[in-house]
>>> print(open('entry-v1.pdb').read())   # PDB, C-alpha atoms
MODEL        1
ATOM      1  CA  MET A 138     150.514  -2.529  53.156  1.00  0.00           C
ATOM      2  CA  LEU A 139     152.035  -5.995  53.098  1.00  0.00           C
ATOM      3  CA  LYS A 140     148.587  -7.567  53.066  1.00  0.00           C
ATOM      4  CA  LYS A 141     147.924  -6.108  49.620  1.00  0.00           C
ATOM      5  CA  TRP A 142     151.174  -7.530  48.265  1.00  0.00           C
ATOM      6  CA  ALA A 143     151.051 -10.860  50.102  1.00  0.00           C
ATOM      7  CA  LYS A 144     149.774 -12.728  47.059  1.00  0.00           C
ATOM      8  CA  VAL A 145     152.744 -11.727  44.902  1.00  0.00           C
ATOM      9  CA  LEU A 146     155.475 -11.960  47.563  1.00  0.00           C
ATOM     10  CA  PRO A 147     157.338 -15.226  48.116  1.00  0.00           C
ATOM     11  CA  TYR A 148     155.904 -17.420  50.838  1.00  0.00           C
ATOM     12  CA  CYS A 149     159.209 -17.498  52.750  1.00  0.00           C
ATOM     13  CA  PHE A 150     159.180 -13.687  52.992  1.00  0.00           C
ATOM     14  CA  ILE A 151     155.625 -13.658  54.341  1.00  0.00           C
ATOM     15  CA  MET A 152     156.549 -16.277  56.940  1.00  0.00           C
ATOM     16  CA  TRP A 153     159.662 -14.315  57.942  1.00  0.00           C
ATOM     17  CA  PHE A 154     157.673 -11.080  58.249  1.00  0.00           C
ATOM     18  CA  THR A 155     154.966 -12.750  60.320  1.00  0.00           C
ATOM     19  CA  LYS A 156     157.468 -14.391  62.666  1.00  0.00           C
ATOM     20  CA  LYS A 157     159.514 -11.213  63.021  1.00  0.00           C
ATOM     21  CA  PHE A 158     156.736  -8.708  63.639  1.00  0.00           C
ATOM     22  CA  GLY A 159     154.265 -10.844  65.528  1.00  0.00           C
ATOM     23  CA  ALA A 160     150.836 -12.231  64.998  1.00  0.00           C
ATOM     24  CA  ASP A 161     147.396 -11.561  66.402  1.00  0.00           C
ATOM     25  CA  MET A 162     145.491 -13.929  68.639  1.00  0.00           C
ATOM     26  CA  LEU A 163     142.673 -15.540  66.704  1.00  0.00           C
ATOM     27  CA  LYS A 164     139.317 -16.143  68.310  1.00  0.00           C
ATOM     28  CA  ASN A 165     138.174 -19.710  68.793  1.00  0.00           C
ATOM     29  CA  THR A 166     135.614 -20.768  66.237  1.00  0.00           C
ATOM     30  CA  ASP A 167     134.049 -24.096  65.311  1.00  0.00           C
ATOM     31  CA  PHE A 168     136.921 -25.110  63.060  1.00  0.00           C
ATOM     32  CA  MET A 169     139.638 -23.830  65.423  1.00  0.00           C
ATOM     33  CA  LYS A 170     139.672 -25.967  68.558  1.00  0.00           C
ATOM     34  CA  ASP A 171     143.045 -24.760  69.869  1.00  0.00           C
ATOM     35  CA  ASN A 172     144.271 -21.299  70.697  1.00  0.00           C
ATOM     36  CA  LEU A 173     145.934 -20.105  67.531  1.00  0.00           C
ATOM     37  CA  ARG A 174     148.067 -17.186  66.514  1.00  0.00           C
ATOM     38  CA  GLY A 175     147.856 -15.921  62.992  1.00  0.00           C
ATOM     39  CA  TRP A 176     148.162 -13.098  60.559  1.00  0.00           C
ATOM     40  CA  ARG A 177     145.462 -12.238  58.090  1.00  0.00           C
ATOM     41  CA  ILE A 178     146.794 -11.940  54.551  1.00  0.00           C
ATOM     42  CA  ASP A 179     143.530 -11.439  52.713  1.00  0.00           C
ATOM     43  CA  GLU A 180     139.829 -12.210  53.101  1.00  0.00           C
ATOM     44  CA  GLY A 181     139.762 -15.808  54.300  1.00  0.00           C
ATOM     45  CA  GLU A 182     143.543 -16.307  53.980  1.00  0.00           C
ATOM     46  CA  TRP A 183     145.633 -16.681  57.125  1.00  0.00           C
ATOM     47  CA  VAL A 184     149.101 -17.720  58.205  1.00  0.00           C
ATOM     48  CA  VAL A 185     148.395 -19.642  61.402  1.00  0.00           C
ATOM     49  CA  TRP A 186     150.391 -21.265  64.222  1.00  0.00           C
ATOM     50  CA  ASN A 187     149.436 -23.018  67.394  1.00  0.00           C
ATOM     51  CA  GLU A 188     149.910 -20.535  70.246  1.00  0.00           C
ATOM     52  CA  ASP A 189     152.397 -22.813  72.059  1.00  0.00           C
ATOM     53  CA  ASN A 190     154.535 -23.100  68.935  1.00  0.00           C
ATOM     54  CA  TYR A 191     154.342 -19.350  68.367  1.00  0.00           C
ATOM     55  CA  ASN A 192     155.419 -18.635  71.951  1.00  0.00           C
ATOM     56  CA  ARG A 193     158.315 -21.079  71.623  1.00  0.00           C
ATOM     57  CA  MET A 194     159.341 -19.421  68.355  1.00  0.00           C
ATOM     58  CA  SER A 195     159.219 -15.991  69.992  1.00  0.00           C
ATOM     59  CA  GLU A 196     161.258 -17.189  72.960  1.00  0.00           C
ATOM     60  CA  ASN A 197     163.908 -18.672  70.655  1.00  0.00           C
ATOM     61  CA  ARG A 198     164.081 -15.385  68.744  1.00  0.00           C
ATOM     62  CA  ARG A 199     164.516 -13.425  71.989  1.00  0.00           C
ATOM     63  CA  LYS A 200     167.313 -15.776  73.087  1.00  0.00           C
ATOM     64  CA  ALA A 201     169.067 -15.380  69.745  1.00  0.00           C
ATOM     65  CA  ASP A 202     168.799 -11.591  70.015  1.00  0.00           C
ATOM     66  CA  LYS A 203     170.276 -11.680  73.529  1.00  0.00           C
ATOM     67  CA  GLU A 204     173.157 -13.855  72.328  1.00  0.00           C
ATOM     68  CA  LYS A 205     173.890 -11.430  69.477  1.00  0.00           C
ATOM     69  CA  LEU A 206     173.854  -8.536  71.916  1.00  0.00           C
ATOM     70  CA  SER A 207     176.187 -10.293  74.348  1.00  0.00           C
ATOM     71  CA  LYS A 208     178.638 -11.095  71.521  1.00  0.00           C
ATOM     72  CA  LYS A 209     178.640  -7.446  70.463  1.00  0.00           C
ATOM     73  CA  MET A 210     179.208  -6.356  74.062  1.00  0.00           C
ATOM     74  CA  GLU A 211     182.125  -8.766  74.387  1.00  0.00           C
ATOM     75  CA  LYS A 212     183.654  -7.333  71.237  1.00  0.00           C
ATOM     76  CA  ILE A 213     183.256  -3.774  72.528  1.00  0.00           C
ATOM     77  CA  ASN A 214     184.732  -4.716  75.906  1.00  0.00           C
ATOM     78  CA  LYS A 215     187.754  -6.320  74.236  1.00  0.00           C
ATOM     79  CA  MET A 216     188.351  -3.157  72.224  1.00  0.00           C
ATOM     80  CA  MET A 217     188.058  -1.013  75.336  1.00  0.00           C
ATOM     81  CA  ASP A 218     190.393  -3.252  77.318  1.00  0.00           C
ATOM     82  CA  ASN A 219     193.097  -2.794  74.692  1.00  0.00           C
ATOM     83  CA  ASP A 220     192.775   0.991  74.544  1.00  0.00           C
ATOM     84  CA  TYR A 221     192.829   2.765  77.911  1.00  0.00           C
ATOM     85  CA  SER A 222     192.179   6.226  76.449  1.00  0.00           C
ATOM     86  CA  LEU A 223     189.004   4.986  74.751  1.00  0.00           C
ATOM     87  CA  LYS A 224     187.849   3.431  77.993  1.00  0.00           C
ATOM     88  CA  SER A 225     188.423   6.631  79.959  1.00  0.00           C
ATOM     89  CA  GLU A 226     186.600   8.749  77.356  1.00  0.00           C
ATOM     90  CA  VAL A 227     183.605   6.430  77.378  1.00  0.00           C
ATOM     91  CA  ARG A 228     183.554   6.498  81.179  1.00  0.00           C
ATOM     92  CA  LYS A 229     183.599  10.329  81.156  1.00  0.00           C
ATOM     93  CA  GLU A 230     180.717  10.481  78.681  1.00  0.00           C
ATOM     94  CA  ILE A 231     178.669   8.028  80.729  1.00  0.00           C
ATOM     95  CA  GLU A 232     179.277  10.011  83.910  1.00  0.00           C
ATOM     96  CA  GLU A 233     178.239  13.221  82.161  1.00  0.00           C
ATOM     97  CA  GLU A 234     175.039  11.600  80.910  1.00  0.00           C
ATOM     98  CA  ILE A 235     174.245  10.355  84.412  1.00  0.00           C
ATOM     99  CA  GLU A 236     174.769  13.858  85.812  1.00  0.00           C
ATOM    100  CA  GLN A 237     172.503  15.358  83.149  1.00  0.00           C
ATOM    101  CA  GLU A 238     169.774  12.824  83.943  1.00  0.00           C
ATOM    102  CA  LYS A 239     170.046  13.653  87.651  1.00  0.00           C
ATOM    103  CA  GLU A 240     169.700  17.363  86.911  1.00  0.00           C
ATOM    104  CA  GLU A 241     166.706  16.777  84.668  1.00  0.00           C
ATOM    105  CA  ARG A 242     165.024  14.700  87.368  1.00  0.00           C
ATOM    106  CA  MET A 243     165.640  17.408  89.945  1.00  0.00           C
ATOM    107  CA  TYR A 244     163.938  20.056  87.800  1.00  0.00           C
ATOM    108  CA  ASP A 245     160.999  17.869  86.745  1.00  0.00           C
TER
ENDMDL
END
>>> encode(input="entry-v1.pdb", output="structure tokens")
Amino acid sequence: MLKKWAKVLPYCFIMWFTKKFGADMLKNTDFMKDNLRGWRIDEGEWVVWNEDNYNRMSENRRKADKEKLSKKMEKINKMMDNDYSLKSEVRKEIEEEIEQEKEERMYD
């Protein structure tokens, strides 16, 4: 769907979308000497990166996502440390879920 609208969308949005949701591996041809990653916008129109650069970009995005997740976990842990009743309720729910998973595995 985005490919149809790529000509009218801002370039920065297309680049963001391509970086966020991945790109296909392009086949080597005469004019492409390196391994490239790209996304086809339209007939003959591509957004293209060198595969090494694309992999580095993906790795940086994964690291940033992990950092966001760890910050959120720290925030949750601080909230739970301050409120013992919340911590005990969460522990009970987790134990119940573990028991349910064990029962499901036994019957499967």
>>> resolve_selection(input="entry-v1.pdb", expression="the PyMOL selection byres ((chain A and resi 187-192) around 6)", output="VMD selection string")
chain A and resid 172 to 174 186 193 to 195
>>> atom_distance(input="entry-v1.pdb", atom1="atom CA of Thr155 of chain A", atom2="atom CA of Val185 of chain A")
9.6 Å
>>> atom_distance(input="entry-v1.pdb", atom1="atom CA of Glu234 of chain A", atom2="atom CA of Tyr221 of chain A")
20.1 Å
>>> atom_distance(input="entry-v1.pdb", atom1="atom CA of Arg242 of chain A", atom2="atom CA of Val227 of chain A")
22.7 Å
>>> decode(input="entry-v1.pdb", residues="segment 187-216 of chain A", atoms="N, CA and C atoms", output="PDB file, in the first residue's frame")
ATOM      1  N   ASN A 187      23.914   0.063   1.464  1.00  0.00           N
ATOM      2  CA  ASN A 187      24.910  -0.987   1.486  1.00  0.00           C
ATOM      3  C   ASN A 187      24.505  -1.944   2.607  1.00  0.00           C
ATOM      4  N   GLU A 188      24.692  -3.225   2.417  1.00  0.00           N
ATOM      5  CA  GLU A 188      24.234  -4.203   3.416  1.00  0.00           C
ATOM      6  C   GLU A 188      24.915  -3.990   4.770  1.00  0.00           C
ATOM      7  N   ASP A 189      26.203  -3.649   4.767  1.00  0.00           N
ATOM      8  CA  ASP A 189      26.911  -3.408   6.036  1.00  0.00           C
ATOM      9  C   ASP A 189      26.291  -2.236   6.787  1.00  0.00           C
ATOM     10  N   ASN A 190      25.998  -1.166   6.073  1.00  0.00           N
ATOM     11  CA  ASN A 190      25.365  -0.006   6.703  1.00  0.00           C
ATOM     12  C   ASN A 190      23.984  -0.356   7.230  1.00  0.00           C
ATOM     13  N   TYR A 191      23.237  -1.133   6.456  1.00  0.00           N
ATOM     14  CA  TYR A 191      21.893  -1.536   6.878  1.00  0.00           C
ATOM     15  C   TYR A 191      21.957  -2.383   8.141  1.00  0.00           C
ATOM     16  N   ASN A 192      22.907  -3.321   8.191  1.00  0.00           N
ATOM     17  CA  ASN A 192      23.053  -4.171   9.372  1.00  0.00           C
ATOM     18  C   ASN A 192      23.450  -3.348  10.588  1.00  0.00           C
ATOM     19  N   ARG A 193      24.336  -2.369  10.396  1.00  0.00           N
ATOM     20  CA  ARG A 193      24.730  -1.498  11.496  1.00  0.00           C
ATOM     21  C   ARG A 193      23.543  -0.670  11.982  1.00  0.00           C
ATOM     22  N   MET A 194      22.738  -0.180  11.033  1.00  0.00           N
ATOM     23  CA  MET A 194      21.542   0.578  11.395  1.00  0.00           C
ATOM     24  C   MET A 194      20.571  -0.289  12.196  1.00  0.00           C
ATOM     25  N   SER A 195      20.384  -1.521  11.753  1.00  0.00           N
ATOM     26  CA  SER A 195      19.479  -2.436  12.452  1.00  0.00           C
ATOM     27  C   SER A 195      19.989  -2.749  13.851  1.00  0.00           C
ATOM     28  N   GLU A 196      21.284  -2.955  13.972  1.00  0.00           N
ATOM     29  CA  GLU A 196      21.871  -3.246  15.285  1.00  0.00           C
ATOM     30  C   GLU A 196      21.692  -2.056  16.227  1.00  0.00           C
ATOM     31  N   ASN A 197      21.915  -0.854  15.728  1.00  0.00           N
ATOM     32  CA  ASN A 197      21.726   0.346  16.554  1.00  0.00           C
ATOM     33  C   ASN A 197      20.274   0.477  16.993  1.00  0.00           C
ATOM     34  N   ARG A 198      19.341   0.153  16.108  1.00  0.00           N
ATOM     35  CA  ARG A 198      17.923   0.221  16.463  1.00  0.00           C
ATOM     36  C   ARG A 198      17.584  -0.808  17.536  1.00  0.00           C
ATOM     37  N   ARG A 199      18.146  -2.018  17.419  1.00  0.00           N
ATOM     38  CA  ARG A 199      17.900  -3.048  18.432  1.00  0.00           C
ATOM     39  C   ARG A 199      18.465  -2.630  19.790  1.00  0.00           C
ATOM     40  N   LYS A 200      19.650  -2.022  19.785  1.00  0.00           N
ATOM     41  CA  LYS A 200      20.245  -1.545  21.040  1.00  0.00           C
ATOM     42  C   LYS A 200      19.378  -0.463  21.674  1.00  0.00           C
ATOM     43  N   ALA A 201      18.890   0.451  20.856  1.00  0.00           N
ATOM     44  CA  ALA A 201      18.033   1.522  21.377  1.00  0.00           C
ATOM     45  C   ALA A 201      16.750   0.944  21.957  1.00  0.00           C
ATOM     46  N   ASP A 202      16.180  -0.056  21.292  1.00  0.00           N
ATOM     47  CA  ASP A 202      14.969  -0.695  21.820  1.00  0.00           C
ATOM     48  C   ASP A 202      15.236  -1.381  23.150  1.00  0.00           C
ATOM     49  N   LYS A 203      16.394  -2.053  23.270  1.00  0.00           N
ATOM     50  CA  LYS A 203      16.745  -2.709  24.527  1.00  0.00           C
ATOM     51  C   LYS A 203      16.933  -1.690  25.647  1.00  0.00           C
ATOM     52  N   GLU A 204      17.544  -0.553  25.333  1.00  0.00           N
ATOM     53  CA  GLU A 204      17.742   0.487  26.335  1.00  0.00           C
ATOM     54  C   GLU A 204      16.401   1.048  26.805  1.00  0.00           C
ATOM     55  N   LYS A 205      15.473   1.265  25.876  1.00  0.00           N
ATOM     56  CA  LYS A 205      14.140   1.740  26.249  1.00  0.00           C
ATOM     57  C   LYS A 205      13.460   0.741  27.173  1.00  0.00           C
ATOM     58  N   LEU A 206      13.561  -0.537  26.814  1.00  0.00           N
ATOM     59  CA  LEU A 206      12.942  -1.579  27.617  1.00  0.00           C
ATOM     60  C   LEU A 206      13.556  -1.632  29.015  1.00  0.00           C
ATOM     61  N   SER A 207      14.873  -1.521  29.103  1.00  0.00           N
ATOM     62  CA  SER A 207      15.509  -1.579  30.420  1.00  0.00           C
ATOM     63  C   SER A 207      15.111  -0.368  31.271  1.00  0.00           C
ATOM     64  N   LYS A 208      14.977   0.808  30.658  1.00  0.00           N
ATOM     65  CA  LYS A 208      14.530   1.985  31.409  1.00  0.00           C
ATOM     66  C   LYS A 208      13.107   1.792  31.936  1.00  0.00           C
ATOM     67  N   LYS A 209      12.242   1.214  31.111  1.00  0.00           N
ATOM     68  CA  LYS A 209      10.874   0.960  31.553  1.00  0.00           C
ATOM     69  C   LYS A 209      10.852  -0.054  32.689  1.00  0.00           C
ATOM     70  N   MET A 210      11.703  -1.086  32.589  1.00  0.00           N
ATOM     71  CA  MET A 210      11.764  -2.087  33.650  1.00  0.00           C
ATOM     72  C   MET A 210      12.276  -1.476  34.955  1.00  0.00           C
ATOM     73  N   GLU A 211      13.253  -0.591  34.852  1.00  0.00           N
ATOM     74  CA  GLU A 211      13.748   0.083  36.054  1.00  0.00           C
ATOM     75  C   GLU A 211      12.644   0.908  36.705  1.00  0.00           C
ATOM     76  N   LYS A 212      11.873   1.582  35.895  1.00  0.00           N
ATOM     77  CA  LYS A 212      10.773   2.390  36.420  1.00  0.00           C
ATOM     78  C   LYS A 212       9.737   1.512  37.123  1.00  0.00           C
ATOM     79  N   ILE A 213       9.410   0.392  36.510  1.00  0.00           N
ATOM     80  CA  ILE A 213       8.443  -0.541  37.111  1.00  0.00           C
ATOM     81  C   ILE A 213       8.993  -1.101  38.416  1.00  0.00           C
ATOM     82  N   ASN A 214      10.271  -1.477  38.416  1.00  0.00           N
ATOM     83  CA  ASN A 214      10.876  -2.024  39.633  1.00  0.00           C
ATOM     84  C   ASN A 214      10.901  -1.007  40.759  1.00  0.00           C
ATOM     85  N   LYS A 215      11.157   0.262  40.435  1.00  0.00           N
ATOM     86  CA  LYS A 215      11.132   1.300  41.472  1.00  0.00           C
ATOM     87  C   LYS A 215       9.739   1.444  42.065  1.00  0.00           C
ATOM     88  N   MET A 216       8.725   1.397  41.216  1.00  0.00           N
ATOM     89  CA  MET A 216       7.348   1.490  41.705  1.00  0.00           C
ATOM     90  C   MET A 216       7.011   0.309  42.595  1.00  0.00           C
TER      91      MET A 216
END
